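Contents: one structure, followed by commentary.
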Amino acid sequence: MATHVITGAGSGIGTAVAERLAARGDELWLWARDAGRAGELRDRFPGARTLVGDLAEPARLSWALGHQTLPDRVDSLLHIAGVVDLGTVGDLTPKVWQATLAANLVAPAELTRLLLPQVRAARGHVLFVNSGAGLRAHAQWGAYAASKHGLKALADALRAEEAGHGVRVTTVYPGRTATPMQAKVHQQEGKEYDPDRWMTPGSVATTILTALDLPHGAEITDLSVRPTG
């Protein structure tokens with residue numbers, strides 16, 4: 001039975017991944033921003049454990065984890081949570097930049113640092129759910145794309161640093177996926193949201209599990225998945 005720490009399990013892709021892993025009997029440690037959210041996740045995923053900390057405040061994660069029981073080993077650390085706010089470079093304020101970078105880049109880096117001993121103990125896997133915006137930036141996507149370009153750099157550096165410990169590192173770049181975040185993006189873009197146009201969270205979950213289930217001795221470093229049509 002593998003042990004997984006998952007951020008973003010409360011909706012979208014994170015929920016789909018957690019459901020798949022729970023269905024095969026793996027042990028889940030689900031990240032929650034507060035105690036109320038943790039209770040909701042335990043109700044939704046019976047038998048799962050929770051860890052509490054606000055990814056919007058990465059400087060406080062060390063303190064938060066220092067007051068909680070942690071898994072002894074982590075077979076996979078799955079960074080799926082993220083935030084998005086669109087706007088032109090001429091309009092985006094430092095507050096938006098800082099909030100986006102904190103949640104999408106600094107928090108994954110800090111959470112990885114804090115759990116790296118447990119990942120090393122398992123010769124485990126760190127997987128970052130990035131975005132097509134992590135490979136190319138478009139108008140009004142500056143802050144989000146910058147955070148995701150940085151996340152790619154974080155993954156690449158971590159892979160080079162941890163190969164000697166047997167740790168695998170994968171970045172998955174989904175295209176547009178039918179999630180609550182995508183609904184928010186369409187609202188910000190002023191466009192009608194039709195979830196049938198986009199990939200399902202389950203499709204991305206299958207991609208993630210493909211990377212996790214690859215036999216040891218090989219790793220998928222970067223994997224893009226896009227809607228058809």
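Labels used: A, B, ... for chains in the order of the structure tokens, numbers from 1 for residues in each chain, and numbers from 1 for ligands as shown.
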
Mind checking which residues fall within 12 Å of range 59-66 of chain A, counting only C-alpha atoms, ignoring those fewer than 2 positions away in the same chain, and posting them as a list of chain:residue names?
-> A:Trp31, A:Ala32, A:Arg33, A:Asp34, A:Ala35, A:Thr50, A:Leu51, A:Val52, A:Gly53, A:Asp54, A:Leu55, A:Ala56, A:Glu57, A:Gln68, A:Thr69, A:Leu70, A:Pro71, A:Ala102, A:Ala103, A:Val106, A:Ala107, A:Pro108, A:Ala109, A:Glu110, A:Leu111, A:Thr112, A:Arg113, A:Leu114, A:Leu115

So that I have them on file, write out the residues from the current selection with C-alpha atoms, as a PDB file, in the first residue's frame.
ATOM      1  CA  TRP A  31      -3.890  18.740   2.403  1.00  0.00           C
ATOM      2  CA  ALA A  32      -6.454  21.221   3.767  1.00  0.00           C
ATOM      3  CA  ARG A  33      -6.196  24.958   4.265  1.00  0.00           C
ATOM      4  CA  ASP A  34      -7.999  24.850   7.640  1.00  0.00           C
ATOM      5  CA  ALA A  35      -9.615  22.475  10.139  1.00  0.00           C
ATOM      6  CA  THR A  50      -5.361  15.193   6.697  1.00  0.00           C
ATOM      7  CA  LEU A  51      -2.638  17.803   7.031  1.00  0.00           C
ATOM      8  CA  VAL A  52      -3.599  21.419   7.651  1.00  0.00           C
ATOM      9  CA  GLY A  53      -1.818  24.534   6.446  1.00  0.00           C
ATOM     10  CA  ASP A  54      -2.553  27.553   4.289  1.00  0.00           C
ATOM     11  CA  LEU A  55      -0.692  27.334   0.982  1.00  0.00           C
ATOM     12  CA  ALA A  56      -1.281  31.068   0.593  1.00  0.00           C
ATOM     13  CA  GLU A  57       1.174  31.567   3.481  1.00  0.00           C
ATOM     14  CA  GLN A  68       1.016  17.687  13.348  1.00  0.00           C
ATOM     15  CA  THR A  69       1.710  13.990  12.932  1.00  0.00           C
ATOM     16  CA  LEU A  70       3.347  13.294   9.570  1.00  0.00           C
ATOM     17  CA  PRO A  71       3.579  10.086   7.556  1.00  0.00           C
ATOM     18  CA  ALA A 102       2.972  32.117  -3.104  1.00  0.00           C
ATOM     19  CA  ALA A 103       0.310  29.497  -3.812  1.00  0.00           C
ATOM     20  CA  VAL A 106       6.650  29.030  -3.200  1.00  0.00           C
ATOM     21  CA  ALA A 107       4.216  26.748  -1.344  1.00  0.00           C
ATOM     22  CA  PRO A 108       5.031  23.689  -3.503  1.00  0.00           C
ATOM     23  CA  ALA A 109       8.744  24.390  -3.030  1.00  0.00           C
ATOM     24  CA  GLU A 110       8.377  24.712   0.747  1.00  0.00           C
ATOM     25  CA  LEU A 111       6.096  21.691   1.115  1.00  0.00           C
ATOM     26  CA  THR A 112       8.550  19.639  -0.924  1.00  0.00           C
ATOM     27  CA  ARG A 113      11.420  20.781   1.306  1.00  0.00           C
ATOM     28  CA  LEU A 114       9.531  19.879   4.455  1.00  0.00           C
ATOM     29  CA  LEU A 115       8.482  16.405   3.266  1.00  0.00           C
TER      30      LEU A 115
END

So how far away is CA of Gly8 in chain A from CA of Gln118 in chain A, in Å?
->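 Taking CA of Gln118 in chain A and CA of Gly8 in chain A, their separation equals 20.0 Å.
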
Might you pull out every residue within 10 Å of range 187-193 of chain A, with only C-alpha atoms counted and same-chain residues fewer than 3 positions away left off, and present them as a VMD selection string?
-> chain A and resid 84 to 87 140 178 181 to 184 196 to 198

Alpha helix (DSSP H) per DSSP on the backbone: members of range 97-174 of chain A, as number ranges by chain | A: 97-101, 107-121, 142-162

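Distance check against Ala121 in chain A using only C-alpha atoms: of A:Ala23, A:Val74, A:Leu212, A:Val96, the minimum falls on A:Val74.
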
How many Å lie between CA of Ala205 in chain A and CA of Trp97 in chain A, rounded to one decimal?
-> 28.5 Å

What is the CA of Met1 in chain A to CA of Gly124 in chain A distance in Å?
->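 Atom-to-atom, CA of Met1 in chain A to CA of Gly124 in chain A, that is 13.0 Å.
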
Measuring atom to atom with only C-alpha atoms, identify which of A:Tyr144, A:Asp72, A:Ile80, A:Asn130 is nearest to Ala18 in chain A.
-> A:Ile80

Would you return as a ChimeraX atom specification the members of range 83-205 of chain A that DSSP assigns to strand (DSSP E or B) on this structure's backbone?
-> /A:87,125-129,141,168-174,177,199

Find the residues near Ala155 in chain A: any atom within 12 Å, counting only C-alpha atoms, skip ones fewer than 3 places away on the same chain, and give them as a PyMOL selection string.
-> chain A and resi 79+105+108-109+112+125-130+134+148-152+158-163+167-172+221-222

Counting only C-alpha atoms, which of A:Pro227, A:Pro215, A:Gly10, A:Gly47 gets nearest to Leu28 in chain A?
->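 Of the candidates, the smallest distance to Leu28 in chain A is held by A:Gly47.
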
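Among A:Arg24, A:Arg123, A:Arg44, A:Arg37, the residue with the shortest atom-to-atom distance to His165 in chain A, counting only C-alpha atoms, is A:Arg123.
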
Contact residues around Gly202 in chain A with only C-alpha atoms at 9 Å, ignoring same-chain residues under 6 positions, as a PyMOL selection string = chain A and resi 12-13+16-17+20

Within 8 Å of Thr207 in chain A, counting only C-alpha atoms, which residues show up once you throw out same-chain ones fewer than 4 positions away? Write them as a list of chain:residue names, please.
->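 What passes the distance filter is A:Val172, A:Ser203, A:Ala211, A:Val225.
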
If we count only C-alpha atoms and set the cut-off at 6 Å, which residues sit around Ala122 in chain A, ignoring sequence neighbours fewer than 3 positions away in its own chain? Please answer as a compact mmCIF listing (two decimals) with N, CA, C and O atoms, in the first residue's frame.
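part.txt was written with the following content:
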# COMPACT_ATOMS: atom_id res chain seq x y z
N ARG A 73 6.73 7.82 5.71
CA ARG A 73 7.26 7.74 4.35
C ARG A 73 6.21 8.27 3.40
O ARG A 73 5.00 8.18 3.66
N VAL A 74 6.65 8.83 2.29
CA VAL A 74 5.74 9.37 1.28
C VAL A 74 6.14 8.80 -0.07
O VAL A 74 7.21 9.12 -0.59
N ASP A 75 5.29 7.93 -0.60
CA ASP A 75 5.57 7.35 -1.91
C ASP A 75 5.33 8.34 -3.03
O ASP A 75 6.01 8.28 -4.07
N VAL A 119 9.94 11.50 1.49
CA VAL A 119 9.97 11.07 0.09
C VAL A 119 11.25 10.28 -0.19
O VAL A 119 11.22 9.23 -0.85
